[in-house]
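Undergrad: Below: one structure in structure tokens.
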Amino acid sequence: MRLPIAIFAASVGLTAPSPLAAHHSFAAEFDGSKAMRLTGVLTKIEWTNPHSYFYLDVSEGGNIVKWTCEAGAPGALSRRGFKKGDLKLGDTLVVDGYLAKDGSHLIDARRVTLPDGRIVSGASAGDGGPGGAGQ
Amino acid sequence: MRDHGSVRCVAAAVLLALVLGSAAVLGQGENSLTAPDVKSARREAAPRAADGHPDLSGYWKGTTDTTPVGNIGKDLEGFKLPLTAAGEAALQHNLTATIDPESLCIIGGIPRHNASGLPFEVLQGAKKVAFLYWYSYFRLVPIDPKRAHSEDPDPSFFGEEIGHWEGDTLVIDSIGFKDEKVWIDENANPHSDALHVVERWTRPDADHIHVETLIEDAKFYTRPITYSRTWVAGKPDEELHEYSCSENNVDKDHLGFGPGPIRPDGTRGYLNPAPLPPPLPKPAR
């Protein structure tokens, strides 16, 4: 199985809206005013279409809250050069993204910081969201 | 802003400007789905099929010259579609009461697929031409100048399509469209069951494919509209792959109605989204 998510310099971070079209519009599902950062332990990965998902246990006020992080489709992520093994269950990840408009524990993972400090883009290509450009 | 984990809002306009300026870095590389058109200078003649017609076969990618993508009003002033009153009501319905059908893994149909940013493949035969799309959808168009439309075609997303050649132009005439669970583009614009689409496909040279589209829908549009577009050939090793849209469509339970806000440039998305927290510094080695 080939894995998703593009590795790019920390200085890049976000990109302008892309001319591409995605499976769904970013703004149909996520709130552009609710940027957020999660730090949690990776418990599950789904390299699936139309999106890849990874799941984090996040400590909030003494409780563990399960978060779903949406990323680009496997094909998009593998085209960006992400290698199998870049994510491992049990890793602590820092995920920067936007909260779902329905308020559920779901974010669009636009940027993922791996335990070794590498930063990868989880953005869905061309969905009109920040960092959605390209692939 | 919520306090989940370490949720932070960063009012770093400078950072946003910096990162927005880096748009060309990501996604415009050799393997991106949309490519800058760097092949215009190399004008090899279009290949021809055994029957002498231009061969439209190939893997075709949208170019960065096409903006806004996903907007059927791309070629109209202000991207303003000439909606009838019924068309305006249908648009409002789409915006406020329907989820993007394509995000629910429903076929986008024509002309929506022609407005998409996603690559597609064409396989041309003497009597049929196949258009293969990113989401593993296809349409198979008969090429038969003697064939006429059915009296009462069963409604479908691609419509009843009939192709014929006019010189070096492949003309595809389509009627018989569905009028529910359809958006005519990514912006939720509507079409009715009266939709009539005439696509005129050409291959002006080896590296480009072009369509001129006439879109008629007297129920929802006061006059016919046109949509033109050119795609560029992908690299020889580029091709479509499996894409099982409903494999794990978590989105379907979270998507809101409509595409969300439309920017003045005709694209979808927030005009000024909140910036993400700044990237973490790289750990010292």
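Going through the structure tokens in order, the chains are called A, B, and so on, while each chain numbers its residues from 1 and the ligands are numbered from 1 in the order shown.
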Give me the residues near A:Ala28 as number ranges by chain, where near means some atom within 12 Å (using only C-alpha atoms) and where sequence neighbours in that chain fewer than 3 positions away do not count.
TA: A: 22-25, 31-32, 99-102, 108, 127-129; B: 95-96, 98-100, 103, 186-188, 251-262, 268-270
Undergrad: Which residues come within 7 Å of stretch 56-59 of chain A, counting only C-alpha atoms, excluding same-chain residues fewer than 6 positions away, as a ChimeraX atom specification?
TA: /A:39-43,65-68 /B:5
Undergrad: Calculate how many Å separate atom CA of B:Glu161 from atom CA of B:Pro142, rounding to one decimal.
TA: 7.3 Å
Undergrad: Please identify the strand (DSSP E) residues within stretch 114-251 of chain B (assignment by DSSP from backbone atoms) and present them as number ranges by chain.
TA: B: 120-124, 128-133, 138-142, 160-166, 169-175, 196-205, 208-216, 225-233
Undergrad: Extract, using only C-alpha atoms, all DNA, RNA and protein residues at most 6 Å from A:Ala35, discarding same-chain residues fewer than 3 positions from it, and format them as a PDB file with N, CA, C and O atoms, in the first residue's frame.
TA:
```
ATOM      1  N   GLY A  97      -5.280  22.070  11.749  1.00  0.00           N
ATOM      2  CA  GLY A  97      -6.345  21.986  10.756  1.00  0.00           C
ATOM      3  C   GLY A  97      -7.541  22.819  11.167  1.00  0.00           C
ATOM      4  O   GLY A  97      -7.443  23.735  11.998  1.00  0.00           O
ATOM      5  N   TYR A  98      -8.674  22.457  10.593  1.00  0.00           N
ATOM      6  CA  TYR A  98      -9.904  23.226  10.804  1.00  0.00           C
ATOM      7  C   TYR A  98     -11.015  22.300  11.272  1.00  0.00           C
ATOM      8  O   TYR A  98     -11.193  21.193  10.747  1.00  0.00           O
TER       9      TYR A  98
ATOM     10  N   ALA B 274      -8.982  31.676   8.873  1.00  0.00           N
ATOM     11  CA  ALA B 274      -8.048  31.882   9.982  1.00  0.00           C
ATOM     12  C   ALA B 274      -6.756  31.120   9.693  1.00  0.00           C
ATOM     13  O   ALA B 274      -6.806  29.994   9.199  1.00  0.00           O
ATOM     14  N   LEU B 276      -3.512  28.867  10.281  1.00  0.00           N
ATOM     15  CA  LEU B 276      -3.168  27.792  11.203  1.00  0.00           C
ATOM     16  C   LEU B 276      -2.149  28.283  12.214  1.00  0.00           C
ATOM     17  O   LEU B 276      -1.452  29.270  11.974  1.00  0.00           O
TER      18      LEU B 276
END
```
Undergrad: Got a sec: who's within 9 Å of B:Pro204, counting only C-alpha atoms, leaving out chain neighbours fewer than 3 positions off, as a PyMOL selection string?
TA: chain B and resi 43+45-46+207-210
Undergrad: Got time to write the residues from that selection, N, CA, C and O atoms, as an mmCIF file, in the first residue's frame?
TA:
```cif
data_model
loop_
_atom_site.group_PDB
_atom_site.id
_atom_site.type_symbol
_atom_site.label_atom_id
_atom_site.label_comp_id
_atom_site.auth_asym_id
_atom_site.auth_seq_id
_atom_site.Cartn_x
_atom_site.Cartn_y
_atom_site.Cartn_z
ATOM 1 N N ARG B 43 4.504 22.112 -31.215
ATOM 2 C CA ARG B 43 3.281 21.875 -31.971
ATOM 3 C C ARG B 43 3.411 20.683 -32.900
ATOM 4 O O ARG B 43 3.584 20.835 -34.093
ATOM 5 N N ALA B 45 1.658 17.640 -34.802
ATOM 6 C CA ALA B 45 0.304 17.402 -35.292
ATOM 7 C C ALA B 45 -0.389 16.336 -34.457
ATOM 8 O O ALA B 45 0.257 15.423 -33.937
ATOM 9 N N ALA B 46 -1.684 16.486 -34.332
ATOM 10 C CA ALA B 46 -2.450 15.478 -33.600
ATOM 11 C C ALA B 46 -2.359 14.138 -34.315
ATOM 12 O O ALA B 46 -2.409 14.085 -35.547
ATOM 13 N N ASP B 207 -0.514 17.688 -28.140
ATOM 14 C CA ASP B 207 -0.465 17.870 -26.691
ATOM 15 C C ASP B 207 -1.700 18.515 -26.084
ATOM 16 O O ASP B 207 -1.702 18.802 -24.877
ATOM 17 N N HIS B 208 -2.705 18.772 -26.903
ATOM 18 C CA HIS B 208 -3.874 19.459 -26.358
ATOM 19 C C HIS B 208 -5.177 18.853 -26.868
ATOM 20 O O HIS B 208 -5.255 18.379 -28.003
ATOM 21 N N ILE B 209 -6.174 18.927 -26.011
ATOM 22 C CA ILE B 209 -7.539 18.587 -26.395
ATOM 23 C C ILE B 209 -8.417 19.762 -25.966
ATOM 24 O O ILE B 209 -8.134 20.428 -24.953
ATOM 25 N N HIS B 210 -9.432 20.021 -26.764
ATOM 26 C CA HIS B 210 -10.230 21.233 -26.544
ATOM 27 C C HIS B 210 -11.697 20.906 -26.720
ATOM 28 O O HIS B 210 -12.069 20.073 -27.548
#
```
Undergrad: Can you tell me, as a list in words, what residues are no more than 6 Å from B:Ile175 when counting only C-alpha atoms, ignoring any on the same chain fewer than 5 positions away?
TA: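 What passes the distance filter is Gly159, Glu160 and His196 of chain B.
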Undergrad: Given the selection you just returned, output its residues as a file containing N, CA, C and O atoms, formatted as a compact mmCIF listing (two decimals), in the first residue's frame.
TA:
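Full text of result21.txt as output:
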```txt
# COMPACT_ATOMS: atom_id res chain seq x y z
N GLY B 159 -26.75 11.70 -19.60
CA GLY B 159 -27.72 11.90 -20.67
C GLY B 159 -27.56 10.86 -21.76
O GLY B 159 -26.69 10.00 -21.73
N GLU B 160 -28.47 10.97 -22.71
CA GLU B 160 -28.35 10.11 -23.90
C GLU B 160 -27.41 10.82 -24.87
O GLU B 160 -27.74 11.88 -25.41
N HIS B 196 -29.83 20.34 -22.63
CA HIS B 196 -29.33 19.85 -23.92
C HIS B 196 -27.89 20.34 -24.03
O HIS B 196 -27.62 21.55 -23.90
```
Undergrad: Can you tell me which residues surround stretch 219-224 of chain B at a distance of at most 7 Å, considering only C-alpha atoms, apart from same-chain residues fewer than 6 positions away, and format the answer as a list in words?
TA: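 With the cut-off at 7 Å, the set is Pro82, Leu83, Thr84, Ala86, Gly87, His191, Ser192 and Ala194 of chain B.
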Undergrad: Write out as a ChimeraX atom specification each polymer residue whose atoms come within 10 Å of B:Ala126, counting only C-alpha atoms; drop sequence neighbours fewer than 4 positions from it.
TA: /B:49-53,55,142-144
Undergrad: Please compute the atom CA of B:Ala233-atom CA of B:Glu77 distance, one decimal, in Å.
TA: 28.7 Å
Undergrad: So which one's closest to A:Phe30, A:Asn49, A:Ser104, A:Ser78, A:Ser121? Using only C-alpha atoms, please.
TA: A:Ser104
Undergrad: So the first atom is atom CA of B:Gly176 and the second is atom CA of A:Pro50; what is the distance between them in Å, to one decimal place?
TA: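 Distance between the two atoms: 28.8 Å.
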Undergrad: Which one of A:Gly117, A:Glu70, A:Ser124, A:Arg111 sits closest to chain B if you count only C-alpha atoms?
TA: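 When distances to chain B are compared using only C-alpha atoms, the smallest one comes from A:Gly117.
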Undergrad: If DSSP is run on the backbone, what residues of stretch 102-221 of chain B are helix (DSSP H, G or I)? A reply as a PyMOL selection string would be ideal.
TA: chain B and resi 102-104+112-115
Undergrad: Out of B:Leu56, B:Ala148, B:Cys105, B:Val182, which residue has the shortest atom-to-atom distance to chain A when counting only C-alpha atoms?
TA: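 Checking each candidate against chain A, we get B:Cys105 as the closest.
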Undergrad: Just checking: using only C-alpha atoms, which residue out of A:Ala27, A:Ala71, A:Ile64, A:Leu38 ends up closest to A:Val120?
TA: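 Nearest candidate to A:Val120 out of A:Ala27, A:Ala71, A:Ile64, A:Leu38: A:Ala71.
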